[in-house]
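Asks: This is the structure I have questions about; it appears just below.
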2 protein chains.
Amino acid sequence: MSLLQQTIDAIRPADAAARAAAKARLDQLIMPHWALGRLMDLAVDLAGMAGTAKPSVARKAIITMAGDHGVTAEGVSKYPSEVTPQMVMNFVAGGAGINALARLVGARVVVVDMGVAGDLSALAKAGKIVSRRIAPGAANIARGPAMSREDAARSIEAGIGIVNELADQIDVFGTGDMGIGNTTPSSAIIAAIAGITGDRLSEITGRGTGIDDAQFKNKVAVIQRALDVNKPNGKDGLDVLAKVGGFEIGGIAGVILGAAALRKPVVIDGFISTAGAMIAHLLAPTSAQYMIAAHRSVEAGHRLMQKVLGKEPLLDLNMRLGEGTGAALAMNLIEAAVRILTEVATFEEASVSHAKE
Amino acid sequence: MSLLQQTIDAIRPADAAARAAAKARLDQLIMPHWALGRLMDLAVDLAGMAGTAKPSVARKAIITMAGDHGVTAEGVSKYPSEVTPQMVMNFVAGGAGINALARLVGARVVVVDMGVAGDLSALAKAGKIVSRRIAPGAANIARGPAMSREDAARSIEAGIGIVNELADQIDVFGTGDMGIGNTTPSSAIIAAIAGITGDRLSEITGRGTGIDDAQFKNKVAVIQRALDVNKPNGKDGLDVLAKVGGFEIGGIAGVILGAAALRKPVVIDGFISTAGAMIAHLLAPTSAQYMIAAHRSVEAGHRLMQKVLGKEPLLDLNMRLGEGTGAALAMNLIEAAVRILTEVATFEEASVSHAKE
C-alpha cells in the first residue's frame, strides 16, 4: 500500500474521552465559567488530538514548502519566479518574516524545495534546506495540468515523509509556503472544490503580492481558463491538485495528513496553506480535526475555504505574507491554551468561594 | 503641583520622526508591501511611542489592580466580595489565569491592593503584593459616590507611582483588574462618558461573571440608579471616577497615564481596564497614543469604549476574565511587531529582485 493510503488509513477521530477530561477540568478552573473563551475551546481540541488532557506543545516546527508555477507566464504575479529561490536563500539566511516570528515563538523552520525554478542543490547538500523537488516548477495550469496524478501523490508523500522524520522531535507542526504565482492555483483549488465559475470567480481571487486592476482581471480570466482547460473533479483531491495545484501545495497537504496520522496538531497558515488543507480534507475528511486555522488572510477566497473546512481562525490581522508567519503567531495562542488547561488551579485546589446559587 | 498634574503635563504626542523612520524601513522589507498588515501598523505605533525605530519591548509587566465595590450589596454579581482577596492570594500562589499567561510571555505580574475588602497586610509585608489601599472597597454607587474626588486622584496617583518605580526595569506595561462587582462601575463609566441612559443601558451592560436574566435586569437598574443619584459629569475624568468608579479602575488609569508620560506602551486588557483607559483619556487625551487595545471582550459595552478611544483590538477570542489575561496574550503580538521591524531584511540587504514595474 502507498505511503499516502497508509497515512490516510491511520487518521483516527480526536479522542472523545480526552476532550471530556479537558472540558471537565476547564469547567472547574478558578474563574467565571469558560471566561477564557476560545483559548478553552482550543485546549479541548488539543486534548482530543493528543488523546490526553495534558497535551505537549512545546516543540514546534514550521514546514515552509517552496515551489514555482508555470502560470506566472500568464502575468498573474507582480514578481518574477526567480524571487522564489531568492526567498529560499533569505529563509536560510534568517532574514525573512517567518524567521523573525519563528524565533520569537521558539519554532524551528524547515524549508523544503518541492520544485523551485532554480538550482538549490548546494543548500540541500549543506543541510540548510530539505530537497524533495519534483520538477523545476509546476506546469502552466492555463494550458494543461500542473502535474501528473503520480507527481501529485509524490508531492503529498514528500510532506508526509518530512513529518514522519520529525515525529520524535516535534509536538506541533505549522505549514508555510513560498512560491511566486501560488495564489492563482490556490484560488483555482477553492473554485474547483466549491464549484465556483464565471463572475463569482472574482470573489475568491485576491490581489496576491499586490497586482493592479487590469492584472486582477487577467488573473480571474486565467483561473477560469485553468478550470475550463483542466476540468478538475472537485470531489477528488488528487485530481484537483494535479490539474490546478502546485508542488508546495501538495507538500502542505502531506504535512497536514502526516500530522493528523500522528495525532499531532497542525497549524494552517494563510491562503495557500489552506488550499493545501482543502486537498487534505478531500482525501481524508477526518484530518480536519487536527487542523487549527491560524488566521484570516486578506486574500479574498480565504473566508470561503475556512467555511468549507468548518474552521474559525484565531487571528485576523490583515496579513497576507504566507511563509508560515500566521502559523508562527498562532503557536503562542496554542501554547497559551495548554498553559490554561495545565497550570491554572481549580476552585477546589485554590479554596476560593464558589458562585452563589 | 500634584503628581497627577505633573504626569498629565509630561505626556507628549508620539514622535512623528520615529514613526516615519519605522514606516520607511517597513516599506522596504523583503515581502509584498505591508504584507504583515496590523503587525506593521503596530510596529509604527511602537516606534512613535518610544521615539526610536528600534523600540525595546522585551521587559514586560502586568499591573493587576485589585479593589472591591460596595455596589455588590445590590446583587449585581454572582460571586461574593470575599472572592477578591481570595483571588489575590491565588495570584500570589501563581495559580490564576494571569499567572499562566504572564509566565508564557515572560511578563512579571505586579499585584496591587487598591482597596480590597479583606486584610492583605501579611502579603504586603512579605513583599508579595504592593499595598496602595485607600479603603476596604469603594462605596455603593447606587446610593452615593464611590469615593471622594481626593481619593479618586489618590487612586490614579497610586498607579502612576507604581509605573514610575518600575520605569528602569520595564519596557511595556499591561493593565489588569480583579474586583467582584467591577463590571457595574465600568458600565456606569462608559454610560456617563457616552451619555447613555434608559433602555440603551442594556446595550452596554454585560453578564459579568455570568448572571441570569433577572440579575441582568437588576444590574441595568442599578447602573441607572448610580447615574441618577450621582450625576457624573462625563467630561470630567475625576468626577466620573469618584462618582461611579472604583479604586482599581483609578489605579489602572494611573498606570496608563504614568506609562504615557514615560513614552512606554501600555497594553489595555478588557472591559474594566478600558474603563480605566476612558478615565485616562478624559484627563489626558494624548495618552491614547500610548494605549494598545489587547482584545475585544465579550462584555457588551467594550466595543463602544474602544470606539470612543479610537482603538481596534488585536485579538477577539471570546474572553471576559480580566486580571490582565488579554494584555498578556497581546504582548506576544507586540514583540512580534518589533521583531518584524528590527529583524527582517530589506530587499536591498537581501539582494532579492524587486517587483516588476
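In the C-alpha cells, chains take the letters A, B, ... in the order shown, each chain's residues start at 1, and ligands count up from 1 in the order shown.
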Please list as a list in words every residue within 8 Å of Leu257 in chain B, counting only C-alpha atoms and excluding residues in the same chain fewer than 2 positions away.
Replies: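 Final neighbour list, sorted by chain and number: Thr7, Ile8, Ile11, Ile160, Ala253, Gly254, Val255, Ala259, Ala260, Ala261, Ala280, Ala284 and Ser287 of chain B.
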Asks: Kindly provide, as a ChimeraX atom specification, the residues of chain A having any atom no farther than 7 Å from an atom of chain B, counting only C-alpha atoms.
Replies: /A:30-32,35-38,78-79,83,86,90,95-97,100-101,104,209-210,315,317-321,336,339-340,343-345,350,352-353,355-356
Asks: Could the residues in this selection be written to a file with N, CA and C atoms, as a JSON list (two decimals), in the first residue's frame?
Replies:
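part_31.json, freshly written:
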```json
[["chain", "number", "residue", "atom", "x", "y", "z"],
["A", 30, "ILE", "N", -10.52, 28.26, 38.32],
["A", 30, "ILE", "CA", -10.80, 29.35, 39.24],
["A", 30, "ILE", "C", -11.03, 30.66, 38.48],
["A", 31, "MET", "N", -12.17, 30.70, 37.81],
["A", 31, "MET", "CA", -12.57, 31.88, 37.03],
["A", 31, "MET", "C", -14.05, 31.70, 36.69],
["A", 32, "PRO", "N", -14.73, 32.78, 36.29],
["A", 32, "PRO", "CA", -16.10, 32.59, 35.81],
["A", 32, "PRO", "C", -16.10, 31.54, 34.69],
["A", 35, "ALA", "N", -14.40, 31.59, 30.99],
["A", 35, "ALA", "CA", -14.11, 33.02, 30.81],
["A", 35, "ALA", "C", -12.94, 33.28, 29.86],
["A", 36, "LEU", "N", -12.20, 32.23, 29.52],
["A", 36, "LEU", "CA", -11.15, 32.45, 28.52],
["A", 36, "LEU", "C", -11.56, 31.93, 27.14],
["A", 37, "GLY", "N", -12.86, 31.76, 26.97],
["A", 37, "GLY", "CA", -13.48, 31.56, 25.66],
["A", 37, "GLY", "C", -12.75, 30.62, 24.70],
["A", 38, "ARG", "N", -12.29, 31.19, 23.61],
["A", 38, "ARG", "CA", -11.73, 30.35, 22.55],
["A", 38, "ARG", "C", -10.42, 29.70, 22.94],
["A", 78, "LYS", "N", 3.08, 39.99, -9.62],
["A", 78, "LYS", "CA", 3.86, 41.22, -9.73],
["A", 78, "LYS", "C", 5.36, 40.90, -9.71],
["A", 79, "TYR", "N", 5.71, 39.74, -9.20],
["A", 79, "TYR", "CA", 7.12, 39.38, -9.03],
["A", 79, "TYR", "C", 7.50, 38.26, -10.01],
["A", 83, "VAL", "N", 12.21, 35.10, -7.78],
["A", 83, "VAL", "CA", 12.12, 35.51, -6.37],
["A", 83, "VAL", "C", 11.95, 34.30, -5.45],
["A", 86, "GLN", "N", 15.30, 33.01, -4.49],
["A", 86, "GLN", "CA", 15.94, 34.09, -3.71],
["A", 86, "GLN", "C", 15.37, 34.13, -2.30],
["A", 90, "ASN", "N", 16.94, 33.62, 1.45],
["A", 90, "ASN", "CA", 16.68, 34.55, 2.56],
["A", 90, "ASN", "C", 16.19, 33.79, 3.80],
["A", 95, "GLY", "N", 16.65, 36.00, 7.42],
["A", 95, "GLY", "CA", 16.21, 37.39, 7.33],
["A", 95, "GLY", "C", 14.78, 37.60, 6.89],
["A", 96, "ALA", "N", 13.99, 36.54, 6.80],
["A", 96, "ALA", "CA", 12.61, 36.69, 6.32],
["A", 96, "ALA", "C", 11.64, 36.83, 7.49],
["A", 97, "GLY", "N", 10.41, 37.18, 7.16],
["A", 97, "GLY", "CA", 9.37, 37.32, 8.18],
["A", 97, "GLY", "C", 9.21, 36.05, 9.01],
["A", 100, "ALA", "N", 11.91, 35.65, 11.73],
["A", 100, "ALA", "CA", 11.74, 36.52, 12.90],
["A", 100, "ALA", "C", 10.63, 36.00, 13.81],
["A", 101, "LEU", "N", 9.51, 35.58, 13.22],
["A", 101, "LEU", "CA", 8.37, 35.16, 14.05],
["A", 101, "LEU", "C", 8.58, 33.76, 14.63],
["A", 104, "LEU", "N", 10.77, 34.07, 17.62],
["A", 104, "LEU", "CA", 10.02, 34.60, 18.77],
["A", 104, "LEU", "C", 9.28, 33.50, 19.53],
["A", 209, "THR", "N", 0.47, 39.41, -4.38],
["A", 209, "THR", "CA", 1.55, 40.28, -3.93],
["A", 209, "THR", "C", 1.25, 41.76, -4.19],
["A", 210, "GLY", "N", 0.10, 42.06, -4.81],
["A", 210, "GLY", "CA", -0.26, 43.47, -4.96],
["A", 210, "GLY", "C", -0.46, 43.91, -6.40],
["A", 315, "LEU", "N", -6.69, 34.43, 14.57],
["A", 315, "LEU", "CA", -6.22, 35.81, 14.42],
["A", 315, "LEU", "C", -6.80, 36.42, 13.14],
["A", 317, "LEU", "N", -5.46, 39.80, 11.33],
["A", 317, "LEU", "CA", -4.57, 40.96, 11.45],
["A", 317, "LEU", "C", -4.17, 41.53, 10.10],
["A", 318, "ASN", "N", -5.03, 41.34, 9.09],
["A", 318, "ASN", "CA", -4.75, 41.93, 7.77],
["A", 318, "ASN", "C", -3.44, 41.43, 7.17],
["A", 319, "MET", "N", -3.12, 40.19, 7.42],
["A", 319, "MET", "CA", -1.86, 39.64, 6.91],
["A", 319, "MET", "C", -2.09, 38.88, 5.61],
["A", 320, "ARG", "N", -1.04, 38.81, 4.77],
["A", 320, "ARG", "CA", -1.13, 38.09, 3.50],
["A", 320, "ARG", "C", 0.26, 37.72, 3.02],
["A", 321, "LEU", "N", 1.16, 37.37, 3.94],
["A", 321, "LEU", "CA", 2.54, 37.09, 3.55],
["A", 321, "LEU", "C", 2.76, 35.62, 3.24],
["A", 336, "ALA", "N", -0.62, 29.00, 24.92],
["A", 336, "ALA", "CA", -1.43, 29.64, 25.96],
["A", 336, "ALA", "C", -2.59, 28.74, 26.36],
["A", 339, "ARG", "N", -1.35, 26.00, 28.54],
["A", 339, "ARG", "CA", -0.98, 26.51, 29.87],
["A", 339, "ARG", "C", -2.23, 26.70, 30.74],
["A", 340, "ILE", "N", -3.29, 27.21, 30.14],
["A", 340, "ILE", "CA", -4.54, 27.39, 30.90],
["A", 340, "ILE", "C", -5.04, 26.03, 31.40],
["A", 343, "GLU", "N", -1.98, 24.65, 33.97],
["A", 343, "GLU", "CA", -1.32, 25.43, 35.03],
["A", 343, "GLU", "C", -2.28, 26.21, 35.92],
["A", 344, "VAL", "N", -3.53, 26.40, 35.49],
["A", 344, "VAL", "CA", -4.45, 27.18, 36.32],
["A", 344, "VAL", "C", -5.13, 26.25, 37.33],
["A", 345, "ALA", "N", -5.27, 26.74, 38.55],
["A", 345, "ALA", "CA", -5.88, 25.93, 39.62],
["A", 345, "ALA", "C", -7.39, 25.84, 39.45],
["A", 350, "ALA", "N", -7.71, 25.75, 44.89],
["A", 350, "ALA", "CA", -7.33, 27.06, 45.43],
["A", 350, "ALA", "C", -8.18, 27.49, 46.62],
["A", 352, "VAL", "N", -11.19, 28.73, 46.79],
["A", 352, "VAL", "CA", -11.86, 30.02, 46.58],
["A", 352, "VAL", "C", -13.36, 29.79, 46.58],
["A", 353, "SER", "N", -14.10, 30.74, 47.14],
["A", 353, "SER", "CA", -15.56, 30.61, 47.24],
["A", 353, "SER", "C", -16.20, 30.44, 45.87],
["A", 355, "ALA", "N", -19.47, 30.41, 43.13],
["A", 355, "ALA", "CA", -20.55, 31.35, 42.85],
["A", 355, "ALA", "C", -21.73, 31.03, 43.74],
["A", 356, "LYS", "N", -22.50, 32.09, 44.05],
["A", 356, "LYS", "CA", -23.73, 31.89, 44.80],
["A", 356, "LYS", "C", -24.72, 31.16, 43.91]]
```
Asks: Rank nothing, just name the residue among A:Gly251, A:Gly67, A:Gly75, A:Gly48 nearest to Leu120 in chain A, using only C-alpha atoms.
Replies: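 Result for the nearest residue to Leu120 in chain A: A:Gly67.
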Asks: Please list as a PDB file with N, CA, C and O atoms, in the first residue's frame every residue within 12 Å of Glu165 in chain A, counting only C-alpha atoms and excluding residues in the same chain fewer than 4 positions away.
Replies:
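File written: part_38.pdb
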```pdb
ATOM      1  N   VAL A 110      11.705  24.577   8.885  1.00  0.00           N
ATOM      2  CA  VAL A 110      12.228  23.576   7.951  1.00  0.00           C
ATOM      3  C   VAL A 110      11.796  24.012   6.552  1.00  0.00           C
ATOM      4  O   VAL A 110      10.599  24.055   6.254  1.00  0.00           O
ATOM      5  N   VAL A 130      15.667  21.100   2.886  1.00  0.00           N
ATOM      6  CA  VAL A 130      15.371  19.706   2.536  1.00  0.00           C
ATOM      7  C   VAL A 130      14.946  19.701   1.075  1.00  0.00           C
ATOM      8  O   VAL A 130      14.105  20.505   0.665  1.00  0.00           O
ATOM      9  N   ALA A 158       5.838  13.497  -0.011  1.00  0.00           N
ATOM     10  CA  ALA A 158       7.037  14.222   0.451  1.00  0.00           C
ATOM     11  C   ALA A 158       6.734  14.925   1.776  1.00  0.00           C
ATOM     12  O   ALA A 158       7.528  14.888   2.724  1.00  0.00           O
ATOM     13  N   GLY A 159       5.554  15.568   1.846  1.00  0.00           N
ATOM     14  CA  GLY A 159       5.159  16.240   3.093  1.00  0.00           C
ATOM     15  C   GLY A 159       4.972  15.258   4.233  1.00  0.00           C
ATOM     16  O   GLY A 159       5.408  15.504   5.369  1.00  0.00           O
ATOM     17  N   ILE A 160       4.329  14.138   3.925  1.00  0.00           N
ATOM     18  CA  ILE A 160       4.136  13.102   4.958  1.00  0.00           C
ATOM     19  C   ILE A 160       5.490  12.619   5.477  1.00  0.00           C
ATOM     20  O   ILE A 160       5.706  12.485   6.687  1.00  0.00           O
ATOM     21  N   GLY A 161       6.409  12.379   4.539  1.00  0.00           N
ATOM     22  CA  GLY A 161       7.724  11.869   4.923  1.00  0.00           C
ATOM     23  C   GLY A 161       8.462  12.823   5.854  1.00  0.00           C
ATOM     24  O   GLY A 161       9.099  12.401   6.833  1.00  0.00           O
ATOM     25  N   GLN A 169      10.605  14.548  17.407  1.00  0.00           N
ATOM     26  CA  GLN A 169      11.193  15.814  17.859  1.00  0.00           C
ATOM     27  C   GLN A 169      10.187  16.953  17.976  1.00  0.00           C
ATOM     28  O   GLN A 169      10.493  17.984  18.582  1.00  0.00           O
ATOM     29  N   ILE A 170       9.024  16.791  17.365  1.00  0.00           N
ATOM     30  CA  ILE A 170       8.114  17.933  17.235  1.00  0.00           C
ATOM     31  C   ILE A 170       6.717  17.583  17.762  1.00  0.00           C
ATOM     32  O   ILE A 170       6.172  16.523  17.449  1.00  0.00           O
ATOM     33  N   VAL A 255       1.950  17.433   4.829  1.00  0.00           N
ATOM     34  CA  VAL A 255       2.274  17.778   6.220  1.00  0.00           C
ATOM     35  C   VAL A 255       1.020  17.622   7.092  1.00  0.00           C
ATOM     36  O   VAL A 255       1.073  17.068   8.193  1.00  0.00           O
ATOM     37  N   GLY A 258       0.093  13.907   7.408  1.00  0.00           N
ATOM     38  CA  GLY A 258       1.087  13.232   8.252  1.00  0.00           C
ATOM     39  C   GLY A 258       0.899  13.579   9.719  1.00  0.00           C
ATOM     40  O   GLY A 258       0.939  12.702  10.593  1.00  0.00           O
ATOM     41  N   ALA A 259       0.681  14.868  10.006  1.00  0.00           N
ATOM     42  CA  ALA A 259       0.475  15.295  11.397  1.00  0.00           C
ATOM     43  C   ALA A 259      -0.790  14.652  11.961  1.00  0.00           C
ATOM     44  O   ALA A 259      -0.798  14.147  13.089  1.00  0.00           O
ATOM     45  N   LEU A 262      -0.333  11.166  12.984  1.00  0.00           N
ATOM     46  CA  LEU A 262       0.464  11.081  14.217  1.00  0.00           C
ATOM     47  C   LEU A 262      -0.289  11.650  15.423  1.00  0.00           C
ATOM     48  O   LEU A 262       0.269  11.733  16.513  1.00  0.00           O
TER      49      LEU A 262
END
```
Asks: Pick from B:Gly70, B:Ala24, B:Pro265, B:Val112: nearest to Gly176 in chain B, with only C-alpha atoms counted?
Replies: B:Val112
Asks: What's the 12 Å shell around Asn233 in chain B, counting only C-alpha atoms, without same-chain residues fewer than 5 positions away, as an mmCIF file with all heavy atoms, in the first residue's frame?
Replies:
```cif
data_model
loop_
_atom_site.group_PDB
_atom_site.id
_atom_site.type_symbol
_atom_site.label_atom_id
_atom_site.label_comp_id
_atom_site.auth_asym_id
_atom_site.auth_seq_id
_atom_site.Cartn_x
_atom_site.Cartn_y
_atom_site.Cartn_z
ATOM 1 N N ALA B 188 -21.132 51.891 34.124
ATOM 2 C CA ALA B 188 -21.572 53.238 34.504
ATOM 3 C C ALA B 188 -20.619 54.296 33.938
ATOM 4 O O ALA B 188 -21.045 55.389 33.546
ATOM 5 C CB ALA B 188 -21.656 53.345 36.027
ATOM 6 N N ILE B 189 -19.328 53.956 33.884
ATOM 7 C CA ILE B 189 -18.342 54.915 33.361
ATOM 8 C C ILE B 189 -18.576 55.187 31.871
ATOM 9 O O ILE B 189 -18.624 56.348 31.438
ATOM 10 C CB ILE B 189 -16.907 54.399 33.621
ATOM 11 C CG1 ILE B 189 -16.568 54.561 35.116
ATOM 12 C CG2 ILE B 189 -15.876 55.134 32.743
ATOM 13 C CD1 ILE B 189 -15.269 53.888 35.547
ATOM 14 N N ILE B 190 -18.758 54.135 31.073
ATOM 15 C CA ILE B 190 -18.987 54.377 29.644
ATOM 16 C C ILE B 190 -20.340 55.055 29.445
ATOM 17 O O ILE B 190 -20.486 55.941 28.581
ATOM 18 C CB ILE B 190 -18.836 53.095 28.782
ATOM 19 C CG1 ILE B 190 -19.209 53.339 27.320
ATOM 20 C CG2 ILE B 190 -19.635 51.935 29.321
ATOM 21 C CD1 ILE B 190 -18.289 54.258 26.583
ATOM 22 N N ALA B 191 -21.324 54.705 30.285
ATOM 23 C CA ALA B 191 -22.631 55.366 30.172
ATOM 24 C C ALA B 191 -22.495 56.859 30.438
ATOM 25 O O ALA B 191 -23.035 57.688 29.698
ATOM 26 C CB ALA B 191 -23.620 54.730 31.158
ATOM 27 N N ALA B 192 -21.742 57.210 31.489
ATOM 28 C CA ALA B 192 -21.576 58.619 31.842
ATOM 29 C C ALA B 192 -20.837 59.375 30.738
ATOM 30 O O ALA B 192 -21.200 60.500 30.381
ATOM 31 C CB ALA B 192 -20.811 58.731 33.168
ATOM 32 N N ILE B 193 -19.802 58.746 30.195
ATOM 33 C CA ILE B 193 -18.967 59.442 29.209
ATOM 34 C C ILE B 193 -19.658 59.535 27.850
ATOM 35 O O ILE B 193 -19.590 60.557 27.166
ATOM 36 C CB ILE B 193 -17.591 58.741 29.100
ATOM 37 C CG1 ILE B 193 -16.827 58.950 30.413
ATOM 38 C CG2 ILE B 193 -16.798 59.274 27.902
ATOM 39 C CD1 ILE B 193 -15.518 58.202 30.512
ATOM 40 N N ALA B 194 -20.355 58.463 27.452
ATOM 41 C CA ALA B 194 -21.015 58.472 26.139
ATOM 42 C C ALA B 194 -22.448 58.988 26.229
ATOM 43 O O ALA B 194 -23.135 59.063 25.208
ATOM 44 C CB ALA B 194 -20.987 57.067 25.541
ATOM 45 N N GLY B 195 -22.908 59.335 27.446
ATOM 46 C CA GLY B 195 -24.250 59.900 27.597
ATOM 47 C C GLY B 195 -25.356 58.896 27.334
ATOM 48 O O GLY B 195 -26.342 59.201 26.667
ATOM 49 N N LEU B 227 -26.276 56.457 38.084
ATOM 50 C CA LEU B 227 -26.179 57.677 37.270
ATOM 51 C C LEU B 227 -27.116 58.751 37.807
ATOM 52 O O LEU B 227 -26.749 59.926 37.899
ATOM 53 C CB LEU B 227 -26.516 57.354 35.804
ATOM 54 C CG LEU B 227 -25.569 56.370 35.101
ATOM 55 C CD1 LEU B 227 -26.146 55.948 33.741
ATOM 56 C CD2 LEU B 227 -24.175 56.988 34.916
ATOM 57 N N ASP B 228 -28.325 58.363 38.181
ATOM 58 C CA ASP B 228 -29.328 59.317 38.667
ATOM 59 C C ASP B 228 -28.899 59.935 40.004
ATOM 60 O O ASP B 228 -29.049 61.137 40.223
ATOM 61 C CB ASP B 228 -30.683 58.620 38.857
ATOM 62 C CG ASP B 228 -31.307 58.219 37.532
ATOM 63 O OD1 ASP B 228 -30.845 58.729 36.484
ATOM 64 O OD2 ASP B 228 -32.232 57.384 37.533
ATOM 65 N N LEU B 238 -12.041 62.915 36.702
ATOM 66 C CA LEU B 238 -12.013 62.711 38.153
ATOM 67 C C LEU B 238 -13.420 62.598 38.719
ATOM 68 O O LEU B 238 -13.677 61.806 39.630
ATOM 69 C CB LEU B 238 -11.272 63.862 38.851
ATOM 70 C CG LEU B 238 -9.752 63.747 38.940
ATOM 71 C CD1 LEU B 238 -9.190 64.949 39.709
ATOM 72 C CD2 LEU B 238 -9.329 62.447 39.604
ATOM 73 N N ASP B 239 -14.339 63.374 38.168
ATOM 74 C CA ASP B 239 -15.719 63.330 38.656
ATOM 75 C C ASP B 239 -16.357 61.979 38.343
ATOM 76 O O ASP B 239 -17.016 61.382 39.198
ATOM 77 C CB ASP B 239 -16.530 64.471 38.014
ATOM 78 C CG ASP B 239 -17.871 64.679 38.709
ATOM 79 O OD1 ASP B 239 -17.850 65.033 39.909
ATOM 80 O OD2 ASP B 239 -18.915 64.474 38.073
ATOM 81 N N VAL B 240 -16.143 61.486 37.132
ATOM 82 C CA VAL B 240 -16.714 60.185 36.750
ATOM 83 C C VAL B 240 -16.131 59.086 37.637
ATOM 84 O O VAL B 240 -16.859 58.238 38.169
ATOM 85 C CB VAL B 240 -16.443 59.888 35.260
ATOM 86 C CG1 VAL B 240 -16.888 58.469 34.905
ATOM 87 C CG2 VAL B 240 -17.146 60.897 34.360
ATOM 88 N N LEU B 241 -14.817 59.102 37.804
ATOM 89 C CA LEU B 241 -14.167 58.070 38.627
ATOM 90 C C LEU B 241 -14.676 58.125 40.071
ATOM 91 O O LEU B 241 -14.988 57.093 40.666
ATOM 92 C CB LEU B 241 -12.647 58.254 38.583
ATOM 93 C CG LEU B 241 -11.839 57.309 39.467
ATOM 94 C CD1 LEU B 241 -12.037 55.849 39.055
ATOM 95 C CD2 LEU B 241 -10.342 57.669 39.389
ATOM 96 N N ALA B 242 -14.739 59.340 40.634
ATOM 97 C CA ALA B 242 -15.159 59.483 42.030
ATOM 98 C C ALA B 242 -16.606 59.028 42.210
ATOM 99 O O ALA B 242 -16.937 58.355 43.185
ATOM 100 C CB ALA B 242 -15.006 60.938 42.473
ATOM 101 N N LYS B 243 -17.462 59.374 41.274
ATOM 102 C CA LYS B 243 -18.892 59.116 41.479
ATOM 103 C C LYS B 243 -19.319 57.690 41.146
ATOM 104 O O LYS B 243 -20.112 57.101 41.869
ATOM 105 C CB LYS B 243 -19.714 60.139 40.695
ATOM 106 C CG LYS B 243 -19.631 61.518 41.370
ATOM 107 C CD LYS B 243 -20.404 62.562 40.627
ATOM 108 C CE LYS B 243 -20.471 63.867 41.417
ATOM 109 N NZ LYS B 243 -20.917 64.985 40.557
ATOM 110 N N VAL B 244 -18.807 57.143 40.041
ATOM 111 C CA VAL B 244 -19.290 55.801 39.654
ATOM 112 C C VAL B 244 -18.147 54.828 39.359
ATOM 113 O O VAL B 244 -18.353 53.810 38.702
ATOM 114 C CB VAL B 244 -20.257 55.879 38.432
ATOM 115 C CG1 VAL B 244 -21.506 56.678 38.792
ATOM 116 C CG2 VAL B 244 -19.568 56.464 37.197
ATOM 117 N N ILE B 279 -11.063 56.929 31.591
ATOM 118 C CA ILE B 279 -10.762 57.985 32.564
ATOM 119 C C ILE B 279 -9.433 58.658 32.198
ATOM 120 O O ILE B 279 -9.327 59.901 32.173
ATOM 121 C CB ILE B 279 -10.679 57.383 33.991
ATOM 122 C CG1 ILE B 279 -11.994 56.695 34.384
ATOM 123 C CG2 ILE B 279 -10.270 58.455 35.008
ATOM 124 C CD1 ILE B 279 -13.169 57.603 34.582
ATOM 125 N N LEU B 282 -9.941 60.958 29.259
ATOM 126 C CA LEU B 282 -10.619 62.219 29.597
ATOM 127 C C LEU B 282 -9.633 63.198 30.232
ATOM 128 O O LEU B 282 -9.663 64.401 29.956
ATOM 129 C CB LEU B 282 -11.754 61.967 30.592
ATOM 130 C CG LEU B 282 -13.157 61.701 30.059
ATOM 131 C CD1 LEU B 282 -14.145 61.644 31.220
ATOM 132 C CD2 LEU B 282 -13.588 62.772 29.057
#
```
Asks: What are the DSSP strand (DSSP E or B) residues of range 57-187 of chain A, as a list in words?
Replies: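 Selecting the strand (DSSP E or B) positions of range 57-187 of chain A gives Lys60, Ala61, Ile62, Ile63, Thr64, Met65, Ala66, Gly67, His69, Ala107, Arg108, Val109, Val110, Val111, Val112, Asp113, Met114, Gly115, Val130, Ser131, Ala138, Val172, Phe173, Gly174, Thr175, Gly176, Asp177 and Met178 of chain A.
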Asks: Just C-alpha atoms for this one: save the residues we selected as a compact mmCIF listing (two decimals), in the first residue's frame.
Replies:
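part26.txt was written with the following content:
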```
# COMPACT_ATOMS: atom_id res chain seq x y z
CA LYS A 60 7.30 23.43 17.35
CA ALA A 61 8.23 23.41 13.69
CA ILE A 62 7.06 25.41 10.71
CA ILE A 63 7.43 23.45 7.48
CA THR A 64 7.80 26.05 4.73
CA MET A 65 7.19 24.47 1.34
CA ALA A 66 8.62 26.22 -1.73
CA GLY A 67 7.63 25.66 -5.34
CA HIS A 69 4.41 27.88 -11.04
CA ALA A 107 9.76 27.19 16.43
CA ARG A 108 12.20 25.50 14.09
CA VAL A 109 11.82 26.46 10.40
CA VAL A 110 12.23 23.58 7.95
CA VAL A 111 12.46 24.86 4.38
CA VAL A 112 11.61 22.35 1.68
CA ASP A 113 12.35 22.66 -2.04
CA MET A 114 9.29 20.98 -3.54
CA GLY A 115 10.03 22.26 -7.02
CA VAL A 130 15.37 19.71 2.54
CA SER A 131 15.17 18.79 -1.13
CA ALA A 138 4.57 23.11 -11.84
CA VAL A 172 3.09 20.92 16.88
CA PHE A 173 3.52 21.42 13.16
CA GLY A 174 2.80 24.59 11.25
CA THR A 175 2.51 24.97 7.49
CA GLY A 176 4.06 27.65 5.35
CA ASP A 177 4.55 28.38 1.66
CA MET A 178 6.74 30.27 -0.75
```
Asks: Going by DSSP on the backbone, which residues of range 99-336 of chain B come out as alpha helix (DSSP H)? List them as number ranges by chain.
Replies: B: 99-105, 121-125, 149-166, 183-194, 213-230, 237-244, 247-261, 271-283, 302-309, 325-336
Asks: Can you tell me which residues surround Asp168 in chain A at a distance of at most 10 Å, considering only C-alpha atoms, apart from same-chain residues fewer than 4 positions away, and format the answer as a ChimeraX atom specification?
Replies: /A:59,163-164
Asks: Let me make sure I understand: among B:Met278, B:Met291, B:Ala327, B:Met49, which one has the smallest atom-to-atom distance to Met305 in chain B if we use only C-alpha atoms?
Replies: B:Met278
Asks: Looking at only C-alpha atoms, which of A:Ser121, A:Gln5, A:Asn140, A:Thr205 is the one that sits closest to Thr184 in chain A?
Replies: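 Distance minimum relative to Thr184 in chain A lands on A:Thr205.
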Asks: Do you have the CA of Arg19 in chain B-CA of Ala47 in chain B distance handy?
Replies: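 Pair CA of Arg19 in chain B / CA of Ala47 in chain B returns 5.5 Å.
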Asks: Kindly give the distance, in Å, that separates CA of Leu201 in chain A and CA of Ala142 in chain A, rounded to a single decimal.
Replies: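 Between CA of Leu201 in chain A and CA of Ala142 in chain A the gap works out to 15.0 Å.
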